[in-house]
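S.K.: Sharing a structure with you now.
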2 protein chains.
Amino acid sequence: MDEWKYARSNHTGKENHKYNSGGRVKFRVNAPKETSVTNSFRDSSEMKKGDDGAWYGYTRPLDEGFHYYTINIDGADVPDPNSMFFYGSSRWGSAVEIPAKDRDFYALKNVPHGQLREINYVAKSSNANRHAFVYTPPDYEKDTNKRYPVLYLQHGAGEDETGWGRQGHAGLIMDNLLAEGKAQPFLIVMENGAGIGFGGGRGRGPGATNATPVAGATTNAAPGRGGFGGRGGFNFSAFEKVVVDDLVPYIDANFRTIADQPHRALAGLSMGGMQTRTIGLAHLDQFSHLGIFSGGNIGLTNITDQATFKQKVKLVFMSYGSKENGSAGAKAAAEALQQAGINGVYYESPNTAHEWLSWRRSLYQFAPLLFKN
Amino acid sequence: MDEWKYARSNHTGKENHKYNSGGRVKFRVNAPKETSVTNSFRDSSEMKKGDDGAWYGYTRPLDEGFHYYTINIDGADVPDPNSMFFYGSSRWGSAVEIPAKDRDFYALKNVPHGQLREINYVAKSSNANRHAFVYTPPDYEKDTNKRYPVLYLQHGAGEDETGWGRQGHAGLIMDNLLAEGKAQPFLIVMENGAGIGFGGGRGRGPGATNATPVAGATTNAAPGRGGFGGRGGFNFSAFEKVVVDDLVPYIDANFRTIADQPHRALAGLSMGGMQTRTIGLAHLDQFSHLGIFSGGNIGLTNITDQATFKQKVKLVFMSYGSKENGSAGAKAAAEALQQAGINGVYYESPNTAHEWLSWRRSLYQFAPLLFKN
């Protein structure tokens, strides 16, 4: 338990946080003149000044996987300068990775690799410049006559289109599945489901942001945090319009897709799962495979026309971390779907909460079930 | 001069730094209990506590363009939590963008956009996993029989393969040049010229880093900051091997390139310019167009065989910001090359120093001169 190793989420040349086999993290923050330094980990935020003038802190044992955190220096919340940076909790900031026992499935291996492509496109529905990422599988450039199914995959609240590629390792997960012959090759499109109406720059740096109005044009995108409804609910109608009217047609026109409902999937984590339910159920003519990771469930009561649903939808995948609320409901929903002759699948990530290891594992389970015929 | 505007480099939802037309930046940092908050801008690092408990500071007038900076809270150097994040000064950290009068050339416009693609590949010379970005022009996916020239474009010391895509806006610069018919379409490959021997993760997050050894294999990459020589000099031999033995062959095998010397260019900024001189001069059989941005020059004394050089090298482009040392030497070198019948070109960026606006402008001037046959 006392063997401390450097976490991979350390900033190169600034290896200052370590983890041990018990899932505890040891921080070191160089802040010689402070009277108080803390971190944002619950129950273990205390840090103490060491003999070298730096501050040290130990977390409680954390779950394996990826955790966002903040350092607080005498009341000022700042990113840990020794961490790499990730967009989550509505800010670019620090995170620590505690290697999971099953991390092999998202490891960088010597297998053929796909590409993660940044794209800029214009959403005509709102006349706004938008930004997304597209994963293309390793063989995409080899046979330029071949066409591919597409998974539209969304992040959670407080995250953006960079999440699945950076902390989610979606590309590496797919590379590894494909190398083992466990999944069909398909594209993954990652947009910003919280970005409707955001005025400022994000993700890629100034000059290429979600969503800036097209020069010289008016835009429907209101400044500020549009796209969210009142407290206790989300309003996804603006994002729904982007997905259905702009994003899907753009991808079909600019990538070699199989542009029909049987070859199009929609999934997401947390808020992205809620968007999947809302947008998916409203557009059964567009999506045949649905995935909801830690984001509620689709039960029989959500389905107004069972016969149509059964004919159109080939898979409803729902997952939760075992430590999350919601797992029982999703499991029951999947069983009810099965009894009604609908392909409901439930997956539970062992010993994880509402965090990225649950969602990496969910993608790893979901992807092999897609586009099987 | 007193009209303060939000800088685009602000973190969305955390608009805390502003600029005015005189190039001054006004910071706001929420650090209620500190006794001292400063920033890293020379001559104007002082910040004072305001009535709201936050700290405010004003920089001296800064040059237009992009500037890295750090916040110091009671002796602790931390990124400004209100900035977006960029890799430079050997860390992911804060920067501020003061819009340049000529910013239109790197603006996000409603024109056809290329893609910025992240790739993972194995460098056989060192048996290491490596990571790079490739810009493909807008028409790359339209006619899949067409093949393209390639520019290999390098960042400076303390930066990495993310620099040209994020703070350099290389993709937007090319999109705009192509839309106006001012350049030939070509690929741009951006690797990590400081990454040889770096052990840790960077750029993309844990799991996909430059350069991790291939699993189960030994590696030539030493841990720590390999690849640099002693004080006062750089040793680029390991990176040269990666470029010539691994990167160029990989790109030629996996992208639709015109895989010959006349259709291959090499350029870089600062340290990347020095690498261009070292690697370019040693491999005249590989590169026909050379670009050195704020990184010294190629003079007649560097050329051992003028006849061969004249036959092989179609362009030697050298540039500096007008506020940099080195501009006179590069200008004289270009003139001497011209007198010897070699296509030497000098460009000087007005009113800029050793910073990204000099390099964005250099690329904008350099790109139209490439592959004109």
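So you can find residues: chains in the structure tokens are A, B, ... in the order shown, residues in each start at 1, and ligands are numbered from 1 in order.
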Might you pull out every residue within 9 Å of B:Val248, with only C-alpha atoms counted and same-chain residues fewer than 5 positions away left off, and present them as a ChimeraX atom specification?
M.R.: /B:152,242-243,253,259
S.K.: Could the residues in this selection be saved with C-alpha atoms as a PDB file, in the first residue's frame?
M.R.:
```pdb
ATOM      1  CA  TYR B 152       6.375  19.456 -41.952  1.00  0.00           C
ATOM      2  CA  VAL B 242      12.211  10.297 -36.193  1.00  0.00           C
ATOM      3  CA  VAL B 243      11.418  12.732 -39.009  1.00  0.00           C
ATOM      4  CA  ALA B 253       2.105   5.431 -46.390  1.00  0.00           C
ATOM      5  CA  ALA B 259       5.981  11.313 -51.961  1.00  0.00           C
TER       6      ALA B 259
END
```
S.K.: What's the 8 Å shell around B:Gly65, counting only C-alpha atoms, without same-chain residues fewer than 5 positions away, as JSON, numbers by chain?
M.R.: {"B": [97, 98, 99, 100, 355, 356, 357]}
S.K.: With N, CA, C and O atoms retained, write the just-selected residues as a tab-separated table (two decimals), in the first residue's frame.
M.R.:
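File written: selection.tsv
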```tsv
chain	number	residue	atom	x	y	z
B	97	GLU	N	-5.01	36.78	-25.52
B	97	GLU	CA	-4.96	37.13	-26.94
B	97	GLU	C	-5.43	38.57	-27.10
B	97	GLU	O	-6.56	38.91	-26.77
B	98	ILE	N	-4.55	39.43	-27.59
B	98	ILE	CA	-4.93	40.80	-27.92
B	98	ILE	C	-5.14	40.85	-29.43
B	98	ILE	O	-4.19	40.63	-30.20
B	99	PRO	N	-6.38	41.07	-29.86
B	99	PRO	CA	-6.68	40.94	-31.29
B	99	PRO	C	-5.80	41.86	-32.14
B	99	PRO	O	-5.69	43.06	-31.86
B	100	ALA	N	-5.20	41.30	-33.17
B	100	ALA	CA	-4.35	42.09	-34.07
B	100	ALA	C	-5.22	42.77	-35.11
B	100	ALA	O	-6.29	42.27	-35.47
B	355	GLU	N	6.95	35.97	-30.63
B	355	GLU	CA	5.64	35.49	-30.18
B	355	GLU	C	4.81	35.00	-31.37
B	355	GLU	O	5.19	35.15	-32.52
B	356	TRP	N	3.65	34.44	-31.04
B	356	TRP	CA	2.89	33.71	-32.05
B	356	TRP	C	2.36	34.57	-33.20
B	356	TRP	O	2.16	34.08	-34.30
B	357	LEU	N	2.10	35.87	-32.96
B	357	LEU	CA	1.62	36.66	-34.09
B	357	LEU	C	2.69	36.74	-35.18
B	357	LEU	O	2.38	36.72	-36.38
```
S.K.: Would you mind listing what lies within 9 Å of A:Lys26 as an mmCIF file with all heavy atoms, in the first residue's frame, with only C-alpha atoms counted and same-chain residues fewer than 5 positions away left out?
M.R.:
```cif
data_model
loop_
_atom_site.group_PDB
_atom_site.id
_atom_site.type_symbol
_atom_site.label_atom_id
_atom_site.label_comp_id
_atom_site.auth_asym_id
_atom_site.auth_seq_id
_atom_site.Cartn_x
_atom_site.Cartn_y
_atom_site.Cartn_z
ATOM 1 N N TRP A 4 4.308 4.425 -3.731
ATOM 2 C CA TRP A 4 3.687 5.545 -4.431
ATOM 3 C C TRP A 4 4.237 5.628 -5.848
ATOM 4 O O TRP A 4 5.439 5.626 -6.058
ATOM 5 C CB TRP A 4 3.962 6.853 -3.694
ATOM 6 C CG TRP A 4 3.290 6.897 -2.351
ATOM 7 C CD1 TRP A 4 3.819 6.535 -1.159
ATOM 8 C CD2 TRP A 4 1.946 7.294 -2.091
ATOM 9 N NE1 TRP A 4 2.894 6.693 -0.155
ATOM 10 C CE2 TRP A 4 1.734 7.158 -0.694
ATOM 11 C CE3 TRP A 4 0.887 7.753 -2.895
ATOM 12 C CZ2 TRP A 4 0.518 7.469 -0.086
ATOM 13 C CZ3 TRP A 4 -0.320 8.062 -2.285
ATOM 14 C CH2 TRP A 4 -0.502 7.915 -0.895
ATOM 15 N N ASN A 16 4.260 15.651 -9.637
ATOM 16 C CA ASN A 16 4.030 16.059 -8.264
ATOM 17 C C ASN A 16 2.887 15.337 -7.584
ATOM 18 O O ASN A 16 2.689 15.511 -6.402
ATOM 19 C CB ASN A 16 3.780 17.577 -8.197
ATOM 20 C CG ASN A 16 5.073 18.358 -8.112
ATOM 21 O OD1 ASN A 16 5.596 18.563 -7.040
ATOM 22 N ND2 ASN A 16 5.626 18.748 -9.251
ATOM 23 N N HIS A 17 2.116 14.567 -8.338
ATOM 24 C CA HIS A 17 1.146 13.769 -7.599
ATOM 25 C C HIS A 17 1.310 12.298 -7.922
ATOM 26 O O HIS A 17 1.629 11.909 -9.024
ATOM 27 C CB HIS A 17 -0.294 14.252 -7.730
ATOM 28 C CG HIS A 17 -0.772 14.556 -9.106
ATOM 29 N ND1 HIS A 17 -0.805 15.816 -9.634
ATOM 30 C CD2 HIS A 17 -1.276 13.749 -10.066
ATOM 31 C CE1 HIS A 17 -1.314 15.775 -10.856
ATOM 32 N NE2 HIS A 17 -1.594 14.538 -11.147
ATOM 33 N N LYS A 18 1.137 11.499 -6.892
ATOM 34 C CA LYS A 18 1.369 10.062 -6.971
ATOM 35 C C LYS A 18 0.132 9.343 -6.467
ATOM 36 O O LYS A 18 -0.720 9.932 -5.810
ATOM 37 C CB LYS A 18 2.561 9.681 -6.087
ATOM 38 C CG LYS A 18 3.873 10.361 -6.469
ATOM 39 C CD LYS A 18 4.991 9.881 -5.558
ATOM 40 C CE LYS A 18 6.315 10.527 -5.946
ATOM 41 N NZ LYS A 18 7.425 10.039 -5.092
ATOM 42 N N TYR A 19 0.047 8.058 -6.768
ATOM 43 C CA TYR A 19 -1.056 7.257 -6.245
ATOM 44 C C TYR A 19 -0.470 5.976 -5.684
ATOM 45 O O TYR A 19 0.654 5.587 -6.031
ATOM 46 C CB TYR A 19 -2.073 6.939 -7.357
ATOM 47 C CG TYR A 19 -1.507 6.012 -8.403
ATOM 48 C CD1 TYR A 19 -1.706 4.627 -8.323
ATOM 49 C CD2 TYR A 19 -0.741 6.507 -9.452
ATOM 50 C CE1 TYR A 19 -1.158 3.786 -9.274
ATOM 51 C CE2 TYR A 19 -0.188 5.668 -10.401
ATOM 52 C CZ TYR A 19 -0.404 4.311 -10.302
ATOM 53 O OH TYR A 19 0.152 3.464 -11.225
ATOM 54 N N ASN A 20 -1.238 5.298 -4.827
ATOM 55 C CA ASN A 20 -0.806 3.966 -4.383
ATOM 56 C C ASN A 20 -1.872 2.936 -4.716
ATOM 57 O O ASN A 20 -2.927 3.262 -5.276
ATOM 58 C CB ASN A 20 -0.426 3.978 -2.897
ATOM 59 C CG ASN A 20 -1.634 4.115 -1.988
ATOM 60 O OD1 ASN A 20 -2.779 4.114 -2.437
ATOM 61 N ND2 ASN A 20 -1.372 4.241 -0.703
ATOM 62 N N TYR A 56 1.571 19.304 1.226
ATOM 63 C CA TYR A 56 1.284 17.911 0.906
ATOM 64 C C TYR A 56 -0.095 17.524 1.398
ATOM 65 O O TYR A 56 -0.531 17.974 2.457
ATOM 66 C CB TYR A 56 2.327 16.989 1.561
ATOM 67 C CG TYR A 56 3.699 17.137 0.951
ATOM 68 C CD1 TYR A 56 4.577 18.118 1.396
ATOM 69 C CD2 TYR A 56 4.096 16.311 -0.092
ATOM 70 C CE1 TYR A 56 5.835 18.274 0.816
ATOM 71 C CE2 TYR A 56 5.347 16.450 -0.672
ATOM 72 C CZ TYR A 56 6.209 17.431 -0.218
ATOM 73 O OH TYR A 56 7.432 17.571 -0.805
ATOM 74 N N GLY A 57 -0.759 16.684 0.615
ATOM 75 C CA GLY A 57 -2.060 16.200 1.044
ATOM 76 C C GLY A 57 -2.291 14.799 0.550
ATOM 77 O O GLY A 57 -1.722 14.382 -0.459
ATOM 78 N N TYR A 58 -3.109 14.060 1.286
ATOM 79 C CA TYR A 58 -3.442 12.690 0.907
ATOM 80 C C TYR A 58 -4.947 12.585 0.782
ATOM 81 O O TYR A 58 -5.682 13.010 1.680
ATOM 82 C CB TYR A 58 -2.973 11.699 1.971
ATOM 83 C CG TYR A 58 -1.476 11.674 2.151
ATOM 84 C CD1 TYR A 58 -0.845 12.600 2.973
ATOM 85 C CD2 TYR A 58 -0.704 10.726 1.493
ATOM 86 C CE1 TYR A 58 0.538 12.586 3.136
ATOM 87 C CE2 TYR A 58 0.672 10.703 1.650
ATOM 88 C CZ TYR A 58 1.289 11.635 2.476
ATOM 89 O OH TYR A 58 2.644 11.625 2.622
ATOM 90 N N THR A 59 -5.429 12.016 -0.295
ATOM 91 C CA THR A 59 -6.868 11.811 -0.410
ATOM 92 C C THR A 59 -7.282 10.562 0.352
ATOM 93 O O THR A 59 -6.457 9.701 0.662
ATOM 94 C CB THR A 59 -7.294 11.607 -1.868
ATOM 95 O OG1 THR A 59 -6.738 10.378 -2.354
ATOM 96 C CG2 THR A 59 -6.820 12.762 -2.753
#
```
S.K.: Which of these residues is nearest to chain B, using only C-alpha atoms: A:Tyr320, A:Phe293, A:Phe27, A:Tyr106?
M.R.: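 Closest to chain B of all the choices is A:Tyr106.
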S.K.: Would you pick out the contacts of B:Pro32 at 10 Å or less, using only C-alpha atoms, so that residues sharing its chain but fewer than 2 positions from it are not included, and give the list as an MDAnalysis selection string?
M.R.: (chainID A and resid 73:76) or (chainID B and resid 29:30 34:35 49:50 52:55)
S.K.: Take the selection from the previous step and output its residues with N, CA, C and O atoms, as a compact mmCIF listing (two decimals), in the first residue's frame.
M.R.:
```txt
# COMPACT_ATOMS: atom_id res chain seq x y z
N ILE A 73 -5.89 27.78 -2.78
CA ILE A 73 -4.78 28.45 -2.09
C ILE A 73 -5.31 29.67 -1.37
O ILE A 73 -5.71 30.66 -1.99
N ASP A 74 -5.37 29.59 -0.06
CA ASP A 74 -5.88 30.70 0.76
C ASP A 74 -7.18 31.27 0.19
O ASP A 74 -7.35 32.49 0.07
N GLY A 75 -8.08 30.40 -0.20
CA GLY A 75 -9.39 30.85 -0.66
C GLY A 75 -9.52 31.02 -2.16
O GLY A 75 -10.62 31.24 -2.66
N ALA A 76 -8.41 30.92 -2.89
CA ALA A 76 -8.48 31.06 -4.35
C ALA A 76 -8.49 29.67 -5.00
O ALA A 76 -7.55 28.90 -4.82
N VAL B 29 -8.55 38.41 -10.59
CA VAL B 29 -8.33 37.08 -10.01
C VAL B 29 -9.00 37.03 -8.65
O VAL B 29 -8.74 37.88 -7.79
N ASN B 30 -9.85 36.05 -8.48
CA ASN B 30 -10.57 35.92 -7.23
C ASN B 30 -9.71 35.18 -6.21
O ASN B 30 -9.56 33.97 -6.28
N GLU B 34 -5.51 36.36 0.03
CA GLU B 34 -4.07 36.46 -0.22
C GLU B 34 -3.51 37.79 0.25
O GLU B 34 -4.20 38.79 0.33
N THR B 35 -2.22 37.79 0.52
CA THR B 35 -1.54 39.05 0.83
C THR B 35 -0.78 39.56 -0.38
O THR B 35 -0.40 40.72 -0.42
N LYS B 49 -5.69 44.48 -4.44
CA LYS B 49 -6.97 43.95 -3.98
C LYS B 49 -8.06 44.99 -4.18
O LYS B 49 -7.90 46.16 -3.80
N GLY B 50 -9.15 44.58 -4.79
CA GLY B 50 -10.27 45.48 -5.00
C GLY B 50 -11.29 45.39 -3.88
O GLY B 50 -11.17 44.56 -2.97
N ASP B 52 -14.13 44.21 -3.91
CA ASP B 52 -14.89 42.97 -3.93
C ASP B 52 -14.06 41.78 -3.46
O ASP B 52 -14.49 40.63 -3.55
N GLY B 53 -12.85 42.01 -2.98
CA GLY B 53 -12.01 40.92 -2.51
C GLY B 53 -11.17 40.28 -3.60
O GLY B 53 -10.26 39.51 -3.32
N ALA B 54 -11.49 40.58 -4.86
CA ALA B 54 -10.69 40.04 -5.96
C ALA B 54 -9.48 40.94 -6.21
O ALA B 54 -9.46 42.11 -5.79
N TRP B 55 -8.48 40.42 -6.87
CA TRP B 55 -7.27 41.17 -7.17
C TRP B 55 -7.29 41.64 -8.62
O TRP B 55 -7.67 40.89 -9.52
```
S.K.: With a distance cut-off of 8 Å and only C-alpha atoms, select the neighbouring residues of B:Pro81, excluding the residue or stretch itself and same-chain residues fewer than 3 positions from it, and output the selection as a compact mmCIF listing (two decimals) with N, CA, C and O atoms, in the first residue's frame.
M.R.:
```
# COMPACT_ATOMS: atom_id res chain seq x y z
N ASP A 77 -9.55 29.37 -5.73
CA ASP A 77 -9.63 28.10 -6.46
C ASP A 77 -8.81 28.19 -7.73
O ASP A 77 -9.08 29.03 -8.59
N VAL A 78 -7.82 27.34 -7.86
CA VAL A 78 -6.97 27.35 -9.06
C VAL A 78 -6.74 25.92 -9.52
O VAL A 78 -6.82 24.98 -8.73
N PRO A 79 -6.42 25.76 -10.83
CA PRO A 79 -6.04 24.43 -11.29
C PRO A 79 -4.69 24.05 -10.67
O PRO A 79 -3.86 24.92 -10.41
N TRP A 92 -11.68 24.36 -17.77
CA TRP A 92 -10.46 23.63 -18.04
C TRP A 92 -9.71 23.54 -16.72
O TRP A 92 -9.41 24.57 -16.10
N GLY A 93 -9.41 22.34 -16.27
CA GLY A 93 -8.75 22.24 -14.98
C GLY A 93 -8.09 20.89 -14.79
O GLY A 93 -7.89 20.13 -15.73
N HIS B 11 -11.83 32.03 -20.53
CA HIS B 11 -12.58 30.81 -20.29
C HIS B 11 -14.06 31.16 -20.36
O HIS B 11 -14.50 32.11 -19.72
N MET B 84 -8.20 30.03 -21.00
CA MET B 84 -8.11 28.73 -21.64
C MET B 84 -6.67 28.26 -21.55
O MET B 84 -5.78 29.02 -21.15
N SER B 94 -1.84 29.50 -18.88
CA SER B 94 -2.69 30.59 -19.33
C SER B 94 -2.04 31.41 -20.45
O SER B 94 -0.83 31.47 -20.56
```
S.K.: Nearest to chain A among B:Ala95, B:Ala332, B:Leu108, B:Ala183, with distances taken over only C-alpha atoms: which residue is it?
M.R.: B:Leu108
S.K.: Taking only C-alpha atoms into account, which of A:Phe86, A:Phe309, A:Phe317, A:Phe234 comes nearest chain B?
M.R.: A:Phe86
S.K.: Tell me, in Å to one decimal, how far atom CA of A:Tyr364 is from atom CA of A:Ala170.
M.R.: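 A separation of 8.7 Å between them.
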S.K.: So the first atom is atom CA of B:Gly296 and the second is atom CA of B:Met318; what is the distance between them in Å, to one decimal place?
M.R.: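 According to the coordinates, atom CA of B:Gly296 and atom CA of B:Met318 are separated by 7.9 Å.
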S.K.: Rank A:Pro61, A:Gly291, A:Gly156, A:Gly165 by their smallest atom-to-atom distance to chain B, using only C-alpha atoms, and report the top residue only.
M.R.: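 Once distances to chain B are computed over only C-alpha atoms, the minimum belongs to A:Gly165.
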S.K.: Name the residues of stretch 149-366 of chain B that come out as alpha helix (DSSP H) in a backbone DSSP run; write them as a PyMOL selection string.
M.R.: chain B and resi 170-179+237-241+248-254+271-282+306-312+327-339+356-366
S.K.: Restricting the output to C-alpha atoms, write the selected residues as a PDB file, in the first residue's frame.
M.R.:
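Just written: again_25.pdb:
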```pdb
ATOM      1  CA  ALA B 170      -2.455  26.926 -38.826  1.00  0.00           C
ATOM      2  CA  GLY B 171      -5.654  25.292 -40.050  1.00  0.00           C
ATOM      3  CA  LEU B 172      -7.630  28.537 -40.185  1.00  0.00           C
ATOM      4  CA  ILE B 173      -4.759  30.314 -41.937  1.00  0.00           C
ATOM      5  CA  MET B 174      -4.692  27.629 -44.624  1.00  0.00           C
ATOM      6  CA  ASP B 175      -8.502  27.501 -44.942  1.00  0.00           C
ATOM      7  CA  ASN B 176      -8.546  31.254 -45.584  1.00  0.00           C
ATOM      8  CA  LEU B 177      -5.612  31.231 -48.027  1.00  0.00           C
ATOM      9  CA  LEU B 178      -7.194  28.374 -49.983  1.00  0.00           C
ATOM     10  CA  ALA B 179     -10.597  30.068 -50.058  1.00  0.00           C
ATOM     11  CA  SER B 237      19.849  13.981 -33.997  1.00  0.00           C
ATOM     12  CA  ALA B 238      17.146  11.889 -32.301  1.00  0.00           C
ATOM     13  CA  PHE B 239      14.376  14.046 -33.763  1.00  0.00           C
ATOM     14  CA  GLU B 240      16.074  14.005 -37.170  1.00  0.00           C
ATOM     15  CA  LYS B 241      15.906  10.208 -37.078  1.00  0.00           C
ATOM     16  CA  VAL B 248       7.890  10.964 -43.422  1.00  0.00           C
ATOM     17  CA  PRO B 249       7.504   7.276 -44.365  1.00  0.00           C
ATOM     18  CA  TYR B 250       4.440   6.971 -42.102  1.00  0.00           C
ATOM     19  CA  ILE B 251       2.764  10.017 -43.603  1.00  0.00           C
ATOM     20  CA  ASP B 252       3.557   8.872 -47.146  1.00  0.00           C
ATOM     21  CA  ALA B 253       2.105   5.431 -46.390  1.00  0.00           C
ATOM     22  CA  ASN B 254      -1.038   6.641 -44.633  1.00  0.00           C
ATOM     23  CA  MET B 271      13.864  25.911 -32.081  1.00  0.00           C
ATOM     24  CA  GLY B 272      11.775  24.471 -34.927  1.00  0.00           C
ATOM     25  CA  GLY B 273      13.614  26.825 -37.280  1.00  0.00           C
ATOM     26  CA  MET B 274      16.947  25.565 -36.011  1.00  0.00           C
ATOM     27  CA  GLN B 275      15.702  22.003 -36.571  1.00  0.00           C
ATOM     28  CA  THR B 276      14.690  22.992 -40.087  1.00  0.00           C
ATOM     29  CA  ARG B 277      18.191  24.240 -40.825  1.00  0.00           C
ATOM     30  CA  THR B 278      19.908  21.202 -39.283  1.00  0.00           C
ATOM     31  CA  ILE B 279      17.620  18.528 -40.692  1.00  0.00           C
ATOM     32  CA  GLY B 280      16.930  20.322 -43.974  1.00  0.00           C
ATOM     33  CA  LEU B 281      20.577  20.890 -44.867  1.00  0.00           C
ATOM     34  CA  ALA B 282      21.418  17.282 -44.008  1.00  0.00           C
ATOM     35  CA  GLN B 306      26.010  25.618 -53.888  1.00  0.00           C
ATOM     36  CA  ALA B 307      25.337  23.890 -57.190  1.00  0.00           C
ATOM     37  CA  THR B 308      23.515  20.988 -55.596  1.00  0.00           C
ATOM     38  CA  PHE B 309      21.695  23.305 -53.200  1.00  0.00           C
ATOM     39  CA  LYS B 310      20.535  25.536 -56.045  1.00  0.00           C
ATOM     40  CA  GLN B 311      19.267  22.566 -57.971  1.00  0.00           C
ATOM     41  CA  LYS B 312      17.506  20.933 -55.023  1.00  0.00           C
ATOM     42  CA  SER B 327      16.136  40.211 -38.287  1.00  0.00           C
ATOM     43  CA  ALA B 328      19.147  41.956 -39.845  1.00  0.00           C
ATOM     44  CA  GLY B 329      21.061  38.700 -40.189  1.00  0.00           C
ATOM     45  CA  ALA B 330      18.146  36.883 -41.798  1.00  0.00           C
ATOM     46  CA  LYS B 331      17.513  39.746 -44.211  1.00  0.00           C
ATOM     47  CA  ALA B 332      21.174  39.835 -45.238  1.00  0.00           C
ATOM     48  CA  ALA B 333      21.233  36.057 -45.629  1.00  0.00           C
ATOM     49  CA  ALA B 334      18.211  36.152 -47.942  1.00  0.00           C
ATOM     50  CA  GLU B 335      19.819  38.861 -50.080  1.00  0.00           C
ATOM     51  CA  ALA B 336      23.067  36.896 -50.314  1.00  0.00           C
ATOM     52  CA  LEU B 337      21.155  33.783 -51.363  1.00  0.00           C
ATOM     53  CA  GLN B 338      19.365  35.773 -54.044  1.00  0.00           C
ATOM     54  CA  GLN B 339      22.655  37.105 -55.402  1.00  0.00           C
ATOM     55  CA  TRP B 356       2.887  33.710 -32.049  1.00  0.00           C
ATOM     56  CA  LEU B 357       1.621  36.665 -34.094  1.00  0.00           C
ATOM     57  CA  SER B 358       5.055  36.744 -35.781  1.00  0.00           C
ATOM     58  CA  TRP B 359       4.701  33.060 -36.592  1.00  0.00           C
ATOM     59  CA  ARG B 360       1.061  33.135 -37.726  1.00  0.00           C
ATOM     60  CA  ARG B 361       2.032  35.919 -40.129  1.00  0.00           C
ATOM     61  CA  SER B 362       5.123  33.995 -41.226  1.00  0.00           C
ATOM     62  CA  LEU B 363       3.029  30.972 -42.162  1.00  0.00           C
ATOM     63  CA  TYR B 364       0.603  33.237 -44.007  1.00  0.00           C
ATOM     64  CA  GLN B 365       3.499  34.644 -46.062  1.00  0.00           C
ATOM     65  CA  PHE B 366       5.304  31.319 -46.484  1.00  0.00           C
TER      66      PHE B 366
END
```
S.K.: Take atom CA of B:Glu161 and atom CA of B:Ala132 and report the distance between them in Å, one decimal.
M.R.: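 Separation of atom CA of B:Glu161 and atom CA of B:Ala132: 6.1 Å.
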S.K.: May I have the residues within 9 Å of B:Lys314 as an NGL selection string, using only C-alpha atoms and disregarding those fewer than 3 positions away in the same chain?
M.R.: :B and (262 or 288-290 or 309-311 or 342-344 or 370-371 or 373)
